[in-house]
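Q: Coordinates in run_38.pdb, PDB, C-alpha atoms, are listed below.
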```
ATOM      1  CA  ALA A1187      13.860  24.058  -3.997  1.00  0.00           C
ATOM      2  CA  PRO A1188      16.465  23.820  -6.759  1.00  0.00           C
ATOM      3  CA  GLY A1189      18.402  20.602  -6.594  1.00  0.00           C
ATOM      4  CA  ALA A1190      16.004  19.143  -4.042  1.00  0.00           C
ATOM      5  CA  ARG A1191      15.587  15.387  -4.222  1.00  0.00           C
ATOM      6  CA  LEU A1192      13.196  12.925  -2.705  1.00  0.00           C
ATOM      7  CA  ASP A1193      14.533  11.450   0.550  1.00  0.00           C
ATOM      8  CA  PRO A1194      16.759   8.561  -0.642  1.00  0.00           C
ATOM      9  CA  GLU A1195      15.309   6.238   1.981  1.00  0.00           C
ATOM     10  CA  ILE A1196      11.849   6.771   0.525  1.00  0.00           C
ATOM     11  CA  ALA A1197      13.099   6.625  -3.052  1.00  0.00           C
ATOM     12  CA  ALA A1198      14.703   3.251  -2.337  1.00  0.00           C
ATOM     13  CA  ARG A1199      11.333   1.824  -1.306  1.00  0.00           C
ATOM     14  CA  LEU A1200       9.444   2.810  -4.459  1.00  0.00           C
ATOM     15  CA  ARG A1201       8.808   0.219  -7.128  1.00  0.00           C
ATOM     16  CA  ARG A1202       8.127   2.359 -10.183  1.00  0.00           C
ATOM     17  CA  ASP A1203       6.656   1.250 -13.480  1.00  0.00           C
ATOM     18  CA  GLU A1204       8.601   1.631 -16.697  1.00  0.00           C
ATOM     19  CA  HIS A1205       7.561   5.285 -16.817  1.00  0.00           C
ATOM     20  CA  GLY A1206       8.950   5.942 -13.352  1.00  0.00           C
ATOM     21  CA  LEU A1207       5.481   6.192 -11.814  1.00  0.00           C
ATOM     22  CA  VAL A1208       3.594   4.786  -8.858  1.00  0.00           C
ATOM     23  CA  ALA A1209      -0.185   4.898  -8.452  1.00  0.00           C
ATOM     24  CA  ALA A1210      -1.621   7.357  -5.941  1.00  0.00           C
ATOM     25  CA  VAL A1211      -4.984   6.481  -4.421  1.00  0.00           C
ATOM     26  CA  VAL A1212      -6.515   9.650  -3.030  1.00  0.00           C
ATOM     27  CA  ARG A1213      -9.044   9.634  -0.212  1.00  0.00           C
ATOM     28  CA  GLN A1214     -10.764  12.188   1.981  1.00  0.00           C
ATOM     29  CA  TYR A1215      -8.821  12.065   5.251  1.00  0.00           C
ATOM     30  CA  ASP A1216     -11.785  12.022   7.643  1.00  0.00           C
ATOM     31  CA  THR A1217     -14.577  10.170   5.859  1.00  0.00           C
ATOM     32  CA  GLY A1218     -12.220   7.804   4.030  1.00  0.00           C
ATOM     33  CA  GLU A1219     -14.100   8.302   0.752  1.00  0.00           C
ATOM     34  CA  VAL A1220     -11.979   7.310  -2.240  1.00  0.00           C
ATOM     35  CA  LEU A1221     -11.856  10.366  -4.497  1.00  0.00           C
ATOM     36  CA  MET A1222      -9.589   9.607  -7.432  1.00  0.00           C
ATOM     37  CA  LEU A1223      -6.543   7.794  -8.728  1.00  0.00           C
ATOM     38  CA  ALA A1224      -3.531   9.690 -10.037  1.00  0.00           C
ATOM     39  CA  TRP A1225       0.168   9.086 -10.651  1.00  0.00           C
ATOM     40  CA  MET A1226       3.366  10.269  -9.020  1.00  0.00           C
ATOM     41  CA  ASP A1227       7.022  10.105  -9.875  1.00  0.00           C
ATOM     42  CA  ASP A1228       9.728  10.826  -7.313  1.00  0.00           C
ATOM     43  CA  GLU A1229       9.517  14.572  -7.844  1.00  0.00           C
ATOM     44  CA  ALA A1230       5.726  14.705  -7.513  1.00  0.00           C
ATOM     45  CA  LEU A1231       5.987  12.760  -4.263  1.00  0.00           C
ATOM     46  CA  ARG A1232       8.749  15.062  -2.987  1.00  0.00           C
ATOM     47  CA  ARG A1233       6.633  18.139  -3.747  1.00  0.00           C
ATOM     48  CA  THR A1234       3.580  16.561  -2.126  1.00  0.00           C
ATOM     49  CA  LEU A1235       5.449  15.731   1.087  1.00  0.00           C
ATOM     50  CA  GLN A1236       7.235  19.092   1.235  1.00  0.00           C
ATOM     51  CA  THR A1237       4.442  21.448   0.222  1.00  0.00           C
ATOM     52  CA  GLY A1238       1.437  19.636   1.676  1.00  0.00           C
ATOM     53  CA  ARG A1239      -0.355  20.141  -1.629  1.00  0.00           C
ATOM     54  CA  ALA A1240      -1.191  17.093  -3.715  1.00  0.00           C
ATOM     55  CA  THR A1241       1.012  17.126  -6.805  1.00  0.00           C
ATOM     56  CA  TYR A1242       0.759  14.543  -9.565  1.00  0.00           C
ATOM     57  CA  TRP A1243       2.283  13.615 -12.877  1.00  0.00           C
ATOM     58  CA  SER A1244      -0.183  13.856 -15.741  1.00  0.00           C
ATOM     59  CA  ARG A1245       0.322  10.934 -18.103  1.00  0.00           C
ATOM     60  CA  SER A1246      -1.799  12.573 -20.795  1.00  0.00           C
ATOM     61  CA  ARG A1247      -0.230  16.029 -20.576  1.00  0.00           C
ATOM     62  CA  GLN A1248       3.230  14.807 -19.544  1.00  0.00           C
ATOM     63  CA  GLN A1249       3.623  17.457 -16.887  1.00  0.00           C
ATOM     64  CA  TYR A1250       3.254  18.036 -13.154  1.00  0.00           C
ATOM     65  CA  TRP A1251      -0.025  19.360 -11.873  1.00  0.00           C
ATOM     66  CA  VAL A1252      -0.954  20.671  -8.483  1.00  0.00           C
ATOM     67  CA  LYS A1253      -4.518  19.603  -7.836  1.00  0.00           C
ATOM     68  CA  GLY A1254      -6.751  22.673  -7.650  1.00  0.00           C
ATOM     69  CA  GLU A1255      -4.256  25.006  -9.267  1.00  0.00           C
ATOM     70  CA  THR A1256      -6.651  25.852 -12.062  1.00  0.00           C
ATOM     71  CA  SER A1257      -9.968  24.523 -10.667  1.00  0.00           C
ATOM     72  CA  GLY A1258      -9.627  25.836  -7.126  1.00  0.00           C
ATOM     73  CA  HIS A1259     -10.471  22.326  -5.909  1.00  0.00           C
ATOM     74  CA  HIS A1260      -7.394  22.030  -3.743  1.00  0.00           C
ATOM     75  CA  GLN A1261      -6.186  18.967  -1.921  1.00  0.00           C
ATOM     76  CA  TYR A1262      -4.448  19.669   1.385  1.00  0.00           C
ATOM     77  CA  VAL A1263      -2.466  16.590   2.280  1.00  0.00           C
ATOM     78  CA  ARG A1264      -2.812  15.154   5.780  1.00  0.00           C
ATOM     79  CA  SER A1265      -0.772  11.982   5.343  1.00  0.00           C
ATOM     80  CA  VAL A1266       0.783   9.673   2.783  1.00  0.00           C
ATOM     81  CA  ALA A1267       1.324   5.927   3.136  1.00  0.00           C
ATOM     82  CA  LEU A1268       3.210   3.499   0.932  1.00  0.00           C
ATOM     83  CA  ASP A1269       1.935   0.005   0.287  1.00  0.00           C
ATOM     84  CA  CYS A1270       3.726  -3.232   1.071  1.00  0.00           C
ATOM     85  CA  ASP A1271       5.317  -3.687  -2.340  1.00  0.00           C
ATOM     86  CA  GLY A1272       6.094  -0.035  -2.981  1.00  0.00           C
ATOM     87  CA  ASP A1273       4.078   0.523  -6.148  1.00  0.00           C
ATOM     88  CA  ALA A1274       1.144   2.454  -4.702  1.00  0.00           C
ATOM     89  CA  LEU A1275       0.574   5.384  -2.363  1.00  0.00           C
ATOM     90  CA  LEU A1276      -2.465   6.242  -0.280  1.00  0.00           C
ATOM     91  CA  VAL A1277      -2.798  10.005  -0.039  1.00  0.00           C
ATOM     92  CA  SER A1278      -5.192  11.309   2.611  1.00  0.00           C
ATOM     93  CA  VAL A1279      -6.370  14.802   1.792  1.00  0.00           C
ATOM     94  CA  GLU A1280      -8.746  17.524   2.775  1.00  0.00           C
ATOM     95  CA  GLN A1281     -10.579  17.982  -0.520  1.00  0.00           C
ATOM     96  CA  VAL A1282     -11.953  21.424  -1.329  1.00  0.00           C
ATOM     97  CA  GLY A1283     -15.009  21.127  -3.574  1.00  0.00           C
ATOM     98  CA  PRO A1284     -15.414  18.156  -5.914  1.00  0.00           C
ATOM     99  CA  ALA A1285     -12.395  15.978  -6.729  1.00  0.00           C
ATOM    100  CA  CYS A1286     -13.648  15.069 -10.202  1.00  0.00           C
ATOM    101  CA  HIS A1287     -13.345  17.320 -13.223  1.00  0.00           C
ATOM    102  CA  THR A1288     -16.937  16.366 -14.084  1.00  0.00           C
ATOM    103  CA  GLY A1289     -18.139  18.081 -10.921  1.00  0.00           C
ATOM    104  CA  ALA A1290     -18.862  14.794  -9.179  1.00  0.00           C
ATOM    105  CA  HIS A1291     -17.494  14.554  -5.661  1.00  0.00           C
ATOM    106  CA  SER A1292     -15.551  11.377  -6.438  1.00  0.00           C
ATOM    107  CA  CYS A1293     -14.207  10.249  -9.804  1.00  0.00           C
ATOM    108  CA  PHE A1294     -15.630   6.763  -9.148  1.00  0.00           C
ATOM    109  CA  HIS A1295     -19.247   7.538  -9.912  1.00  0.00           C
ATOM    110  CA  ARG A1296     -20.071   5.017 -12.660  1.00  0.00           C
ATOM    111  CA  ALA A1297     -21.218   1.708 -11.197  1.00  0.00           C
ATOM    112  CA  LEU A1298     -20.648  -1.364 -13.345  1.00  0.00           C
ATOM    113  CA  PRO A1299     -23.368  -4.041 -13.436  1.00  0.00           C
ATOM    114  CA  MET A1300     -22.469  -7.218 -11.599  1.00  0.00           C
ATOM    115  CA  THR A1301     -23.855 -10.313 -13.233  1.00  0.00           C
ATOM    116  CA  HIS A1302     -23.070 -12.352 -10.140  1.00  0.00           C
ATOM    117  CA  ARG A1303     -25.836 -12.558  -7.554  1.00  0.00           C
ATOM    118  CA  SER A1304     -24.881 -13.770  -4.114  1.00  0.00           C
ATOM    119  CA  ALA A1305     -26.720 -16.824  -2.811  1.00  0.00           C
ATOM    120  CA  VAL A1306     -27.078 -15.251   0.626  1.00  0.00           C
TER     121      VAL A1306
ATOM    122  CA  ALA B 920     -17.367 -19.771 -19.348  1.00  0.00           C
ATOM    123  CA  PRO B 921     -15.476 -20.687 -22.533  1.00  0.00           C
ATOM    124  CA  GLY B 922     -15.591 -17.914 -25.086  1.00  0.00           C
ATOM    125  CA  ALA B 923     -17.059 -15.468 -22.584  1.00  0.00           C
ATOM    126  CA  ARG B 924     -16.089 -11.864 -23.100  1.00  0.00           C
ATOM    127  CA  LEU B 925     -16.397  -8.743 -21.062  1.00  0.00           C
ATOM    128  CA  ASP B 926     -19.581  -6.796 -21.883  1.00  0.00           C
ATOM    129  CA  PRO B 927     -18.596  -4.728 -24.950  1.00  0.00           C
ATOM    130  CA  GLU B 928     -20.227  -1.625 -23.482  1.00  0.00           C
ATOM    131  CA  ILE B 929     -17.948  -1.862 -20.455  1.00  0.00           C
ATOM    132  CA  ALA B 930     -14.916  -2.787 -22.535  1.00  0.00           C
ATOM    133  CA  ALA B 931     -15.451   0.329 -24.663  1.00  0.00           C
ATOM    134  CA  ARG B 932     -15.192   2.528 -21.574  1.00  0.00           C
ATOM    135  CA  LEU B 933     -11.866   1.172 -20.324  1.00  0.00           C
ATOM    136  CA  ARG B 934      -8.715   3.143 -20.971  1.00  0.00           C
ATOM    137  CA  ARG B 935      -6.028   0.498 -20.569  1.00  0.00           C
ATOM    138  CA  ASP B 936      -2.311   1.055 -20.237  1.00  0.00           C
ATOM    139  CA  GLU B 937       0.122  -0.422 -22.757  1.00  0.00           C
ATOM    140  CA  HIS B 938      -0.120  -3.752 -20.944  1.00  0.00           C
ATOM    141  CA  GLY B 939      -3.903  -3.809 -21.259  1.00  0.00           C
ATOM    142  CA  LEU B 940      -4.411  -3.076 -17.575  1.00  0.00           C
ATOM    143  CA  VAL B 941      -6.404  -0.695 -15.415  1.00  0.00           C
ATOM    144  CA  ALA B 942      -5.725  -0.041 -11.725  1.00  0.00           C
ATOM    145  CA  ALA B 943      -8.122  -1.560  -9.194  1.00  0.00           C
ATOM    146  CA  VAL B 944      -8.442   0.226  -5.863  1.00  0.00           C
ATOM    147  CA  VAL B 945      -9.877  -2.199  -3.338  1.00  0.00           C
ATOM    148  CA  ARG B 946     -11.796  -1.089  -0.285  1.00  0.00           C
ATOM    149  CA  GLN B 947     -13.812  -2.705   2.447  1.00  0.00           C
ATOM    150  CA  TYR B 948     -17.437  -2.169   1.383  1.00  0.00           C
ATOM    151  CA  ASP B 949     -18.839  -1.045   4.741  1.00  0.00           C
ATOM    152  CA  THR B 950     -16.031   0.812   6.505  1.00  0.00           C
ATOM    153  CA  GLY B 951     -14.564   2.241   3.305  1.00  0.00           C
ATOM    154  CA  GLU B 952     -11.043   1.327   4.387  1.00  0.00           C
ATOM    155  CA  VAL B 953      -8.640   1.189   1.445  1.00  0.00           C
ATOM    156  CA  LEU B 954      -7.107  -2.284   1.497  1.00  0.00           C
ATOM    157  CA  MET B 955      -4.854  -2.644  -1.540  1.00  0.00           C
ATOM    158  CA  LEU B 956      -4.177  -1.751  -5.137  1.00  0.00           C
ATOM    159  CA  ALA B 957      -4.130  -4.394  -7.836  1.00  0.00           C
ATOM    160  CA  TRP B 958      -4.504  -4.633 -11.604  1.00  0.00           C
ATOM    161  CA  MET B 959      -7.151  -5.947 -13.951  1.00  0.00           C
ATOM    162  CA  ASP B 960      -7.378  -6.624 -17.637  1.00  0.00           C
ATOM    163  CA  ASP B 961     -10.693  -7.216 -19.413  1.00  0.00           C
ATOM    164  CA  GLU B 962     -10.790 -10.865 -18.460  1.00  0.00           C
ATOM    165  CA  ALA B 963     -10.025 -10.240 -14.781  1.00  0.00           C
ATOM    166  CA  LEU B 964     -12.834  -7.671 -14.689  1.00  0.00           C
ATOM    167  CA  ARG B 965     -15.229 -10.066 -16.447  1.00  0.00           C
ATOM    168  CA  ARG B 966     -14.454 -12.805 -13.939  1.00  0.00           C
ATOM    169  CA  THR B 967     -14.825 -10.383 -11.028  1.00  0.00           C
ATOM    170  CA  LEU B 968     -18.243  -9.173 -12.196  1.00  0.00           C
ATOM    171  CA  GLN B 969     -19.480 -12.661 -13.064  1.00  0.00           C
ATOM    172  CA  THR B 970     -18.157 -14.653 -10.131  1.00  0.00           C
ATOM    173  CA  GLY B 971     -18.338 -12.057  -7.372  1.00  0.00           C
ATOM    174  CA  ARG B 972     -14.799 -13.004  -6.363  1.00  0.00           C
ATOM    175  CA  ALA B 973     -12.062 -10.402  -6.799  1.00  0.00           C
ATOM    176  CA  THR B 974      -9.793 -11.560  -9.602  1.00  0.00           C
ATOM    177  CA  TYR B 975      -6.665  -9.687 -10.635  1.00  0.00           C
ATOM    178  CA  TRP B 976      -3.808  -9.846 -13.083  1.00  0.00           C
ATOM    179  CA  SER B 977      -0.453 -10.313 -11.388  1.00  0.00           C
ATOM    180  CA  ARG B 978       2.140  -8.165 -13.137  1.00  0.00           C
ATOM    181  CA  SER B 979       4.990  -9.988 -11.411  1.00  0.00           C
ATOM    182  CA  ARG B 980       3.734 -13.507 -12.018  1.00  0.00           C
ATOM    183  CA  GLN B 981       1.980 -12.732 -15.309  1.00  0.00           C
ATOM    184  CA  GLN B 982      -1.110 -14.700 -14.413  1.00  0.00           C
ATOM    185  CA  TYR B 983      -4.616 -14.315 -13.033  1.00  0.00           C
ATOM    186  CA  TRP B 984      -5.130 -14.706  -9.327  1.00  0.00           C
ATOM    187  CA  VAL B 985      -8.291 -14.996  -7.324  1.00  0.00           C
ATOM    188  CA  LYS B 986      -7.676 -13.194  -4.062  1.00  0.00           C
ATOM    189  CA  GLY B 987      -7.752 -15.672  -1.197  1.00  0.00           C
ATOM    190  CA  GLU B 988      -7.378 -18.748  -3.396  1.00  0.00           C
ATOM    191  CA  THR B 989      -4.195 -19.786  -1.603  1.00  0.00           C
ATOM    192  CA  SER B 990      -4.335 -17.606   1.538  1.00  0.00           C
ATOM    193  CA  GLY B 991      -7.999 -18.075   2.372  1.00  0.00           C
ATOM    194  CA  HIS B 992      -8.275 -14.295   2.642  1.00  0.00           C
ATOM    195  CA  HIS B 993     -11.149 -14.048   0.212  1.00  0.00           C
ATOM    196  CA  GLN B 994     -12.665 -10.895  -1.215  1.00  0.00           C
ATOM    197  CA  TYR B 995     -16.396 -11.113  -1.888  1.00  0.00           C
ATOM    198  CA  VAL B 996     -17.251  -8.310  -4.266  1.00  0.00           C
ATOM    199  CA  ARG B 997     -20.196  -6.072  -3.426  1.00  0.00           C
ATOM    200  CA  SER B 998     -19.817  -3.489  -6.196  1.00  0.00           C
ATOM    201  CA  VAL B 999     -17.427  -2.156  -8.819  1.00  0.00           C
ATOM    202  CA  ALA B1000     -17.251   1.408 -10.117  1.00  0.00           C
ATOM    203  CA  LEU B1001     -15.281   2.883 -12.995  1.00  0.00           C
ATOM    204  CA  ASP B1002     -13.693   6.293 -12.756  1.00  0.00           C
ATOM    205  CA  CYS B1003     -14.373   9.251 -15.009  1.00  0.00           C
ATOM    206  CA  ASP B1004     -11.531   8.606 -17.433  1.00  0.00           C
ATOM    207  CA  GLY B1005     -11.798   4.827 -17.471  1.00  0.00           C
ATOM    208  CA  ASP B1006      -8.335   3.916 -16.206  1.00  0.00           C
ATOM    209  CA  ALA B1007      -9.214   2.942 -12.641  1.00  0.00           C
ATOM    210  CA  LEU B1008     -11.769   0.781 -10.859  1.00  0.00           C
ATOM    211  CA  LEU B1009     -13.019   0.985  -7.295  1.00  0.00           C
ATOM    212  CA  VAL B1010     -13.807  -2.499  -6.040  1.00  0.00           C
ATOM    213  CA  SER B1011     -15.854  -2.700  -2.843  1.00  0.00           C
ATOM    214  CA  VAL B1012     -15.366  -6.013  -1.113  1.00  0.00           C
ATOM    215  CA  GLU B1013     -16.106  -7.987   1.980  1.00  0.00           C
ATOM    216  CA  GLN B1014     -12.556  -8.861   3.035  1.00  0.00           C
ATOM    217  CA  VAL B1015     -12.015 -12.089   4.941  1.00  0.00           C
ATOM    218  CA  GLY B1016      -8.978 -11.786   7.214  1.00  0.00           C
ATOM    219  CA  PRO B1017      -6.131  -9.422   6.329  1.00  0.00           C
ATOM    220  CA  ALA B1018      -5.832  -8.065   2.782  1.00  0.00           C
ATOM    221  CA  CYS B1019      -2.049  -7.794   2.900  1.00  0.00           C
ATOM    222  CA  HIS B1020       0.315 -10.715   2.408  1.00  0.00           C
ATOM    223  CA  THR B1021       2.327  -9.370   5.374  1.00  0.00           C
ATOM    224  CA  GLY B1022      -0.636 -10.045   7.661  1.00  0.00           C
ATOM    225  CA  ALA B1023      -1.473  -6.361   8.002  1.00  0.00           C
ATOM    226  CA  HIS B1024      -5.133  -5.558   7.511  1.00  0.00           C
ATOM    227  CA  SER B1025      -4.388  -3.040   4.747  1.00  0.00           C
ATOM    228  CA  CYS B1026      -1.397  -3.002   2.394  1.00  0.00           C
ATOM    229  CA  PHE B1027      -0.991   0.740   3.080  1.00  0.00           C
ATOM    230  CA  HIS B1028       0.631   0.463   6.491  1.00  0.00           C
ATOM    231  CA  ARG B1029       3.893   2.369   6.012  1.00  0.00           C
ATOM    232  CA  ALA B1030       3.423   6.096   6.667  1.00  0.00           C
ATOM    233  CA  LEU B1031       5.835   8.431   4.900  1.00  0.00           C
ATOM    234  CA  PRO B1032       7.171  11.449   6.812  1.00  0.00           C
ATOM    235  CA  MET B1033       5.733  14.750   5.659  1.00  0.00           C
ATOM    236  CA  THR B1034       8.228  17.582   5.854  1.00  0.00           C
ATOM    237  CA  HIS B1035       5.455  20.100   5.400  1.00  0.00           C
ATOM    238  CA  ARG B1036       3.880  21.379   8.574  1.00  0.00           C
ATOM    239  CA  SER B1037       0.589  23.168   8.238  1.00  0.00           C
ATOM    240  CA  ALA B1038       0.424  26.717   9.599  1.00  0.00           C
ATOM    241  CA  VAL B1039      -2.974  26.054  11.129  1.00  0.00           C
TER     242      VAL B1039
END
```
Can you present the structure in this file as structure tokens?

A:
Amino acid sequence: APGARLDPEIAARLRRDEHGLVAAVVRQYDTGEVLMLAWMDDEALRRTLQTGRATYWSRSRQQYWVKGETSGHHQYVRSVALDCDGDALLVSVEQVGPACHTGAHSCFHRALPMTHRSAV
Amino acid sequence: APGARLDPEIAARLRRDEHGLVAAVVRQYDTGEVLMLAWMDDEALRRTLQTGRATYWSRSRQQYWVKGETSGHHQYVRSVALDCDGDALLVSVEQVGPACHTGAHSCFHRALPMTHRSAV
């Protein structure tokens, strides 16, 4: 809506970085699987809460993007939670198709080798 | 270890922000619950992989911190994965006690009101 602003009570609780962004951790609402990490400014969060469609700020393209708009891999938002210090959101979504642009279900599909081996 | 560096093959895959940091999403390894979001630079990631103890860079205090070092709420790292574009890590941990400094189990305990209501 023209002139619409994020609820001031929510806006007051955000601790944005120098680019005006907070991190958005995205998970599948029912399984809890972590799908991706993206970024939101106040307007992206407002759109997400009001439209129920996950909307992010692209740092590389410097524009808003509605997840699935071009890929068809929509994210229907079930809930959003803010963390204790206000710099991260947890967005619970119903993910249609894969979340990752590579076609993988989750973006976190490259395991790093741990050199530590537990004694137990 | 003095002079130790992060594996160059891993370092080459990181896409750091202007502060040299990547986001670290932390989840409980077995339940999948998302516990917190923190930040790592190369050295924090090296220590995490080598020691098996979650180690972050504090943006507010500008220093490394080993989770649980003062609180006793340790995070024993089971695995670490990098996302597709290299700017976020998913750290799977065995969390001892609450992850949040408020005493909540997860830092994401403040639900935001959604103004969207699904038609279904």

Q: Within 9 Å of chain A, which residues of chain B show up when using all atoms listed in the file, listed as a tab-separated table (two decimals) with C-alpha atoms, in the frame of the given file?

A:
```tsv
chain	number	residue	atom	x	y	z
B	929	ILE	CA	-17.95	-1.86	-20.45
B	942	ALA	CA	-5.72	-0.04	-11.72
B	944	VAL	CA	-8.44	0.23	-5.86
B	946	ARG	CA	-11.80	-1.09	-0.28
B	950	THR	CA	-16.03	0.81	6.50
B	951	GLY	CA	-14.56	2.24	3.30
B	952	GLU	CA	-11.04	1.33	4.39
B	953	VAL	CA	-8.64	1.19	1.44
B	955	MET	CA	-4.85	-2.64	-1.54
B	956	LEU	CA	-4.18	-1.75	-5.14
B	967	THR	CA	-14.82	-10.38	-11.03
B	968	LEU	CA	-18.24	-9.17	-12.20
B	969	GLN	CA	-19.48	-12.66	-13.06
B	970	THR	CA	-18.16	-14.65	-10.13
B	971	GLY	CA	-18.34	-12.06	-7.37
B	997	ARG	CA	-20.20	-6.07	-3.43
B	998	SER	CA	-19.82	-3.49	-6.20
B	999	VAL	CA	-17.43	-2.16	-8.82
B	1000	ALA	CA	-17.25	1.41	-10.12
B	1001	LEU	CA	-15.28	2.88	-13.00
B	1002	ASP	CA	-13.69	6.29	-12.76
B	1003	CYS	CA	-14.37	9.25	-15.01
B	1004	ASP	CA	-11.53	8.61	-17.43
B	1006	ASP	CA	-8.34	3.92	-16.21
B	1007	ALA	CA	-9.21	2.94	-12.64
B	1008	LEU	CA	-11.77	0.78	-10.86
B	1009	LEU	CA	-13.02	0.98	-7.30
B	1019	CYS	CA	-2.05	-7.79	2.90
B	1020	HIS	CA	0.32	-10.72	2.41
B	1021	THR	CA	2.33	-9.37	5.37
B	1025	SER	CA	-4.39	-3.04	4.75
B	1026	CYS	CA	-1.40	-3.00	2.39
B	1027	PHE	CA	-0.99	0.74	3.08
B	1028	HIS	CA	0.63	0.46	6.49
B	1029	ARG	CA	3.89	2.37	6.01
B	1030	ALA	CA	3.42	6.10	6.67
B	1031	LEU	CA	5.84	8.43	4.90
B	1032	PRO	CA	7.17	11.45	6.81
B	1033	MET	CA	5.73	14.75	5.66
B	1034	THR	CA	8.23	17.58	5.85
B	1035	HIS	CA	5.46	20.10	5.40
B	1036	ARG	CA	3.88	21.38	8.57
B	1037	SER	CA	0.59	23.17	8.24
```

Q: List the residues selected by the PyMOL selection byres ((chain A and resi 1280) around 7) in the file shown, writing them as a list in words.

A: Gln1214, Tyr1215, Gln1261, Tyr1262, Val1263, Val1279, Gln1281 and Val1282 of chain A

Q: What does the distance between CA of Asp1228 (chain A) and CA of Val1208 (chain A) come to in Å, to one decimal place?

A: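 Going from CA of Asp1228 (chain A) over to CA of Val1208 (chain A) covers 8.7 Å.
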
Q: Run through the PyMOL selection byres ((chain A and resi 1205) around 12) on the given coordinates and return the selected residues as a PDB file with C-alpha atoms, keeping the file's coordinate frame.

A:
```pdb
ATOM      1  CA  ARG A1201       8.808   0.219  -7.128  1.00  0.00           C
ATOM      2  CA  ARG A1202       8.127   2.359 -10.183  1.00  0.00           C
ATOM      3  CA  ASP A1203       6.656   1.250 -13.480  1.00  0.00           C
ATOM      4  CA  GLU A1204       8.601   1.631 -16.697  1.00  0.00           C
ATOM      5  CA  GLY A1206       8.950   5.942 -13.352  1.00  0.00           C
ATOM      6  CA  LEU A1207       5.481   6.192 -11.814  1.00  0.00           C
ATOM      7  CA  VAL A1208       3.594   4.786  -8.858  1.00  0.00           C
ATOM      8  CA  ALA A1209      -0.185   4.898  -8.452  1.00  0.00           C
ATOM      9  CA  TRP A1225       0.168   9.086 -10.651  1.00  0.00           C
ATOM     10  CA  MET A1226       3.366  10.269  -9.020  1.00  0.00           C
ATOM     11  CA  ASP A1227       7.022  10.105  -9.875  1.00  0.00           C
ATOM     12  CA  ASP A1228       9.728  10.826  -7.313  1.00  0.00           C
ATOM     13  CA  TRP A1243       2.283  13.615 -12.877  1.00  0.00           C
ATOM     14  CA  SER A1244      -0.183  13.856 -15.741  1.00  0.00           C
ATOM     15  CA  ARG A1245       0.322  10.934 -18.103  1.00  0.00           C
ATOM     16  CA  GLN A1248       3.230  14.807 -19.544  1.00  0.00           C
TER      17      GLN A1248
ATOM     18  CA  ASP B 936      -2.311   1.055 -20.237  1.00  0.00           C
ATOM     19  CA  GLU B 937       0.122  -0.422 -22.757  1.00  0.00           C
TER      20      GLU B 937
END
```

Q: Figure out the distance between CA of Tyr975 (chain B) and CA of Ala963 (chain B), please, to one decimal in Å.

A: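 That distance, rounded to one decimal, is 5.4 Å.
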
Q: Can you give me, as JSON, numbers by chain, the residues this file yields under the PyMOL selection byres ((chain B and resi 1016) around 9)?

A: {"B": [991, 992, 993, 1014, 1015, 1017, 1018, 1022, 1024]}

Q: I need the residues from that last selection saved to file as a short mmCIF file (atom, residue, chain, number, x, y, z; two decimals), keeping the file's coordinate frame (with C-alpha atoms), if you can.

A:
```cif
data_model
loop_
_atom_site.label_atom_id
_atom_site.label_comp_id
_atom_site.auth_asym_id
_atom_site.auth_seq_id
_atom_site.Cartn_x
_atom_site.Cartn_y
_atom_site.Cartn_z
CA GLY B 991 -8.00 -18.08 2.37
CA HIS B 992 -8.28 -14.30 2.64
CA HIS B 993 -11.15 -14.05 0.21
CA GLN B 1014 -12.56 -8.86 3.04
CA VAL B 1015 -12.02 -12.09 4.94
CA PRO B 1017 -6.13 -9.42 6.33
CA ALA B 1018 -5.83 -8.06 2.78
CA GLY B 1022 -0.64 -10.04 7.66
CA HIS B 1024 -5.13 -5.56 7.51
#
```

Q: Quick one: pull the distance between CA of Glu962 (chain B) and CA of Leu925 (chain B), Å, one decimal.

A: 6.5 Å

Q: Mind working out the centre and edge lengths of an axis-aligned box for region 1008-1022 of chain B, all listed atoms inside, 4 Å added to each side, rounded to one decimal in Å and written as lines of an AutoDock Vina configuration file?

A:
```
center_x = -6.9
center_y = -5.6
center_z = -1.6
size_x = 26.4
size_y = 21.1
size_z = 26.5
```
